[in-house]
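> Got a structure for you, questions after.
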Amino acid sequence: MVTALDAAPADLAAVEAIVRAAGTSFYRGMAVLTPDRRHAMYAIYAFCRIVDDIADEEGTLDEKRAGLAAWRVSIAGLRTGVSHDPVTRVLVKAVAAFDLREQDFLDVVDGMQMDAETAIVAPDLATLDLYCDRVAAAVGRLSVRAFGDASPAADRVAHALGRALQLTNILRDIKEDADRGRVYLPAEYLREAGVPLTPEGVLTSPALPLACARVALLAHRYFREAAAAMDECDRKAMKPARLMGATYAAILVALEHAGWQDLSARVGLSKWRKIWILLRYGLT
């Protein structure tokens, strides 16, 4: 029986179940990929989900550090075929098939450690950029290789699109993050708008939309840079990236239209808007 990545069916099913349980649109979005590439992406997503949970869920800092350190050891073994559970067994296959880089996995873990070790509140722009690189662009660098393009241009797509997606998430999740004692909006933009550098201040300041609008402009710039880099890449390989970019760019525009006036209202896309994006970018 031929299976995706020549992996055990039970391992493939276990990894796919993690993605399904997350309840995100990622699962449907990866349907445009071939089975090998799709299951590699499921394994990458499962890895990201697990290390994110280590950073975010209850536990002491020492426990979180130990959990993340254990994943660093697991990552070091992927290239030589060392595995211990369904996720690492499928990742071993994906690393061999698509030459996924150890440093990109480690960068993701480093990003989660940033979240685990401190409640990030109004980082400066340089720190925010490092955070975006680790938790988003590094995932992009893994993803473009699984998609089928390992070129320098594909890495530039990951660099720009990862930042664009993460900034959009930050702009969408302001209240949720503040309720957890976190603010990912940059200190420079908050200060210039006159917004206090505290979770409570962010939620109550009437000047918040000014700071958010500047972050949105930065995200738009990264979306444009990603689109330009995609033009230099394999078109078929970049199909999932175009789909994700179009979806998140539409969410960013919806956030701008809402104007960050009601932070409790979840801004998203209508079913028909999602279908249109899929038809426009996912099937071409």
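By convention here, the chains of the structure tokens are called A, B, ... in the order presented, each chain's residues are numbered starting at 1, and ligands are numbered starting at 1 in the order presented.
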Need to verify the contact set: region 186-188 of chain A, 7 Å, only C-alpha atoms, exclusion of same-chain residues closer than 6 positions in sequence. Can you return it as a list in words?
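After dropping sequence-adjacent residues, the list is Ala122, Pro123, Asp124, Leu125, Leu128 and Leu197 of chain A.
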> Any chance you can output those residues with N, CA and C atoms as a PDB file, in the first residue's frame?

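Resulting contents of result-v2.pdb:
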```
ATOM      1  N   ALA A 122       3.889  45.638  24.356  1.00  0.00           N
ATOM      2  CA  ALA A 122       4.387  46.760  23.564  1.00  0.00           C
ATOM      3  C   ALA A 122       5.875  46.637  23.253  1.00  0.00           C
ATOM      4  N   PRO A 123       6.271  45.629  22.507  1.00  0.00           N
ATOM      5  CA  PRO A 123       7.686  45.492  22.140  1.00  0.00           C
ATOM      6  C   PRO A 123       8.114  46.610  21.200  1.00  0.00           C
ATOM      7  N   ASP A 124       9.408  46.906  21.171  1.00  0.00           N
ATOM      8  CA  ASP A 124       9.866  47.852  20.154  1.00  0.00           C
ATOM      9  C   ASP A 124       9.801  47.164  18.796  1.00  0.00           C
ATOM     10  N   LEU A 125       9.934  47.942  17.743  1.00  0.00           N
ATOM     11  CA  LEU A 125       9.756  47.411  16.392  1.00  0.00           C
ATOM     12  C   LEU A 125      10.750  46.297  16.069  1.00  0.00           C
ATOM     13  N   LEU A 128       9.547  43.165  17.850  1.00  0.00           N
ATOM     14  CA  LEU A 128       8.356  42.672  17.164  1.00  0.00           C
ATOM     15  C   LEU A 128       8.740  41.978  15.865  1.00  0.00           C
ATOM     16  N   LEU A 197       1.123  52.250  27.225  1.00  0.00           N
ATOM     17  CA  LEU A 197       1.789  50.987  26.902  1.00  0.00           C
ATOM     18  C   LEU A 197       1.414  49.906  27.906  1.00  0.00           C
TER      19      LEU A 197
END
```
> Which of these residues is nearest to Pro209 (chain A), using only C-alpha atoms: A:Leu171, A:Ala69, A:Ala254, A:Ala154?
A:Leu171
> Check the smallest atom-to-atom distance from each of A:Leu218, A:Met30, A:Ala207, A:Ala265 to Met238 (chain A) using only C-alpha atoms, then report the winner.
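Ranking A:Leu218, A:Met30, A:Ala207, A:Ala265 by distance to Met238 (chain A), first place goes to A:Met30.
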> Can you build me a table of region 111-192 of chain A residues sitting at most 8 Å from region 91-107 of chain A, with the closest atom pair per residue and its distance in Å to one decimal, using only C-alpha atoms, sorted by chain and residue number, as CSV?

```
residue,atom,partner,partner_atom,distance
A:Gly111,CA,A:Asp107,CA,6.2
A:Arg134,CA,A:Asp107,CA,5.0
A:Val135,CA,A:Asp107,CA,7.5
A:Ala138,CA,A:Asp104,CA,5.2
A:Val139,CA,A:Asp104,CA,7.1
A:Arg141,CA,A:Asp104,CA,6.7
A:Leu142,CA,A:Leu100,CA,5.9
A:Arg145,CA,A:Phe98,CA,6.0
A:Ala146,CA,A:Phe98,CA,5.8
A:Gly148,CA,A:Phe98,CA,7.6
```
> Using only C-alpha atoms, which of the listed residues (A:Val157, A:Ala193, A:Leu255, A:Leu68) sits closest to Tyr222 (chain A)?
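The closest residue to Tyr222 (chain A) is A:Val157.
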> For each of A:Phe147, A:Trp260, A:Tyr45, A:Tyr131, take the minimum atom-to-atom distance to Val32 (chain A), counting only C-alpha atoms, then give the residue where this is smallest.
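Looking at the shortest contact to Val32 (chain A), the residue is A:Phe147.
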